[in-house]
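Accompanying notes for the structure given below.
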Amino acid sequence: MTAIAVGMIIFAYLCGSISSAIVICKIARLPDPRLSGSGNPGATNVLRIGGRIAAISVLLFDIIKGMLPVWLAYHLQLSSMSLGLVAIAACLGHIYPVFFKFQGGKGVATALGAIAPIGLDLSLLLMGTWLLTVFLSGYASLAAILSALVAPFYVWWFKPQFTFPVAMLSCLILLRHHENIQRLWRGDEKKLLKRRWFRLKKK
């Protein structure tokens, strides 16, 4: 591994360690997301405690901090394996941020940003999968889990040389969601979107 690759991995981790949920909540004078709602410093929890504008700001920041280091590494012509390690480093920074006592989020938005430089079509497909799952089920966690499961197959179809790095990234996301998987299995998981299906009223 070259010195440039090592430097980009460190840079990616530091970028990921900037917890946008905590920073934006402090700026907006909202409760600490680590101590409120689900306790997860991510966009979904910020949506619950601070509303749409704060949540969208967190989401965009998390995507950018995953995208930037991978985009730079891509244009520096690093190998696909090095690109995968850069992407994983950005997500590890988000999950275990050195600047915030290693208490971070789940890494979904950051992973999406890290995959984005591979191809816009791939990113749109993953976003569509996430949105469709949320719309049908109401669970943001289930959407993240399913998106992580299908991501390697999408990448294999569009850019097969990146399949293994993206598969490693998906494994990291799935491991981070192990508690959500257990709650989904028990039926205890909270929904992000509550669907109200039409019901026939009795006359």
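Chain labels run A, B, ... following the order of the structure tokens; each chain numbers its residues from 1, and ligands are numbered from 1 in the order shown.
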
Return as JSON lines the residues of stretch 87-145 of chain A lying at most 10 Å from stretch 42-65 of chain A, together with the closest atom-to-atom pair for each and the distance in Å to one decimal, counting only C-alpha atoms, with rows in chain order and ascending residue number.
```
{"residue": "A:Ala90", "atom": "CA", "partner": "A:Lys65", "partner_atom": "CA", "distance": 7.4}
{"residue": "A:Cys91", "atom": "CA", "partner": "A:Lys65", "partner_atom": "CA", "distance": 9.2}
{"residue": "A:Gly93", "atom": "CA", "partner": "A:Lys65", "partner_atom": "CA", "distance": 9.9}
{"residue": "A:His94", "atom": "CA", "partner": "A:Asp62", "partner_atom": "CA", "distance": 8.2}
{"residue": "A:Ile95", "atom": "CA", "partner": "A:Gly42", "partner_atom": "CA", "distance": 9.8}
{"residue": "A:Gly104", "atom": "CA", "partner": "A:Gly42", "partner_atom": "CA", "distance": 7.9}
{"residue": "A:Gly105", "atom": "CA", "partner": "A:Gly42", "partner_atom": "CA", "distance": 5.2}
{"residue": "A:Lys106", "atom": "CA", "partner": "A:Gly42", "partner_atom": "CA", "distance": 7.1}
{"residue": "A:Gly107", "atom": "CA", "partner": "A:Gly42", "partner_atom": "CA", "distance": 8.1}
{"residue": "A:Val108", "atom": "CA", "partner": "A:Asp62", "partner_atom": "CA", "distance": 8.7}
{"residue": "A:Ala109", "atom": "CA", "partner": "A:Ile63", "partner_atom": "CA", "distance": 5.2}
{"residue": "A:Thr110", "atom": "CA", "partner": "A:Ile63", "partner_atom": "CA", "distance": 4.8}
{"residue": "A:Ala111", "atom": "CA", "partner": "A:Ile63", "partner_atom": "CA", "distance": 7.4}
{"residue": "A:Leu112", "atom": "CA", "partner": "A:Ile63", "partner_atom": "CA", "distance": 6.4}
{"residue": "A:Gly113", "atom": "CA", "partner": "A:Ile63", "partner_atom": "CA", "distance": 4.2}
{"residue": "A:Ala114", "atom": "CA", "partner": "A:Ile63", "partner_atom": "CA", "distance": 7.4}
{"residue": "A:Ile115", "atom": "CA", "partner": "A:Ile63", "partner_atom": "CA", "distance": 9.6}
{"residue": "A:Ala116", "atom": "CA", "partner": "A:Ile63", "partner_atom": "CA", "distance": 8.8}
{"residue": "A:Ala140", "atom": "CA", "partner": "A:Thr44", "partner_atom": "CA", "distance": 7.6}
{"residue": "A:Ser141", "atom": "CA", "partner": "A:Thr44", "partner_atom": "CA", "distance": 9.3}
```

*asked:* Let's see if you can do this: from backbone DSSP, list all helix (DSSP H, G or I) residues in stretch 93-151 of chain A, as a ChimeraX atom specification.
replied: /A:93-95,98-100,108-118,120-137,140-151

*Between A:Met81, A:Leu125, A:Ile10, A:Ile173, which is the closest to A:Tyr154 once you count only C-alpha atoms?*
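Nearest to A:Tyr154: A:Leu125.
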
_So, with only C-alpha atoms as the atoms that count, which of A:Gly39, A:Gly138, A:Pro152, A:Pro33 lies closest to A:Glu189?_
A:Gly138

Sorted per-residue table, stretch 23-112 of chain A near stretch 117-123 of chain A, closest atoms and distance, 12 Å, only C-alpha atoms, as a Markdown table:
```
| residue | atom | partner | partner_atom | distance |
| --- | --- | --- | --- | --- |
| A:Ile63 | CA | A:Ser123 | CA | 11.1 |
| A:Ile64 | CA | A:Pro117 | CA | 10.8 |
| A:Gly66 | CA | A:Pro117 | CA | 9.7 |
| A:Met67 | CA | A:Pro117 | CA | 6.7 |
| A:Leu68 | CA | A:Pro117 | CA | 8.7 |
| A:Pro69 | CA | A:Pro117 | CA | 9.8 |
| A:Val70 | CA | A:Pro117 | CA | 6.8 |
| A:Trp71 | CA | A:Pro117 | CA | 5.5 |
| A:Leu72 | CA | A:Pro117 | CA | 9.2 |
| A:Ala73 | CA | A:Pro117 | CA | 9.7 |
| A:Tyr74 | CA | A:Pro117 | CA | 7.5 |
| A:His75 | CA | A:Pro117 | CA | 9.6 |
| A:Ser80 | CA | A:Ile118 | CA | 10.2 |
| A:Leu83 | CA | A:Ile118 | CA | 9.8 |
| A:Gly84 | CA | A:Ile118 | CA | 10.7 |
| A:Ala87 | CA | A:Pro117 | CA | 10.4 |
| A:Ala109 | CA | A:Ser123 | CA | 11.0 |
| A:Ala111 | CA | A:Ser123 | CA | 10.3 |
| A:Leu112 | CA | A:Ser123 | CA | 6.9 |
```

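Between atom CA of A:Ala5 and atom CA of A:Ile18 the separation is 20.6 Å.
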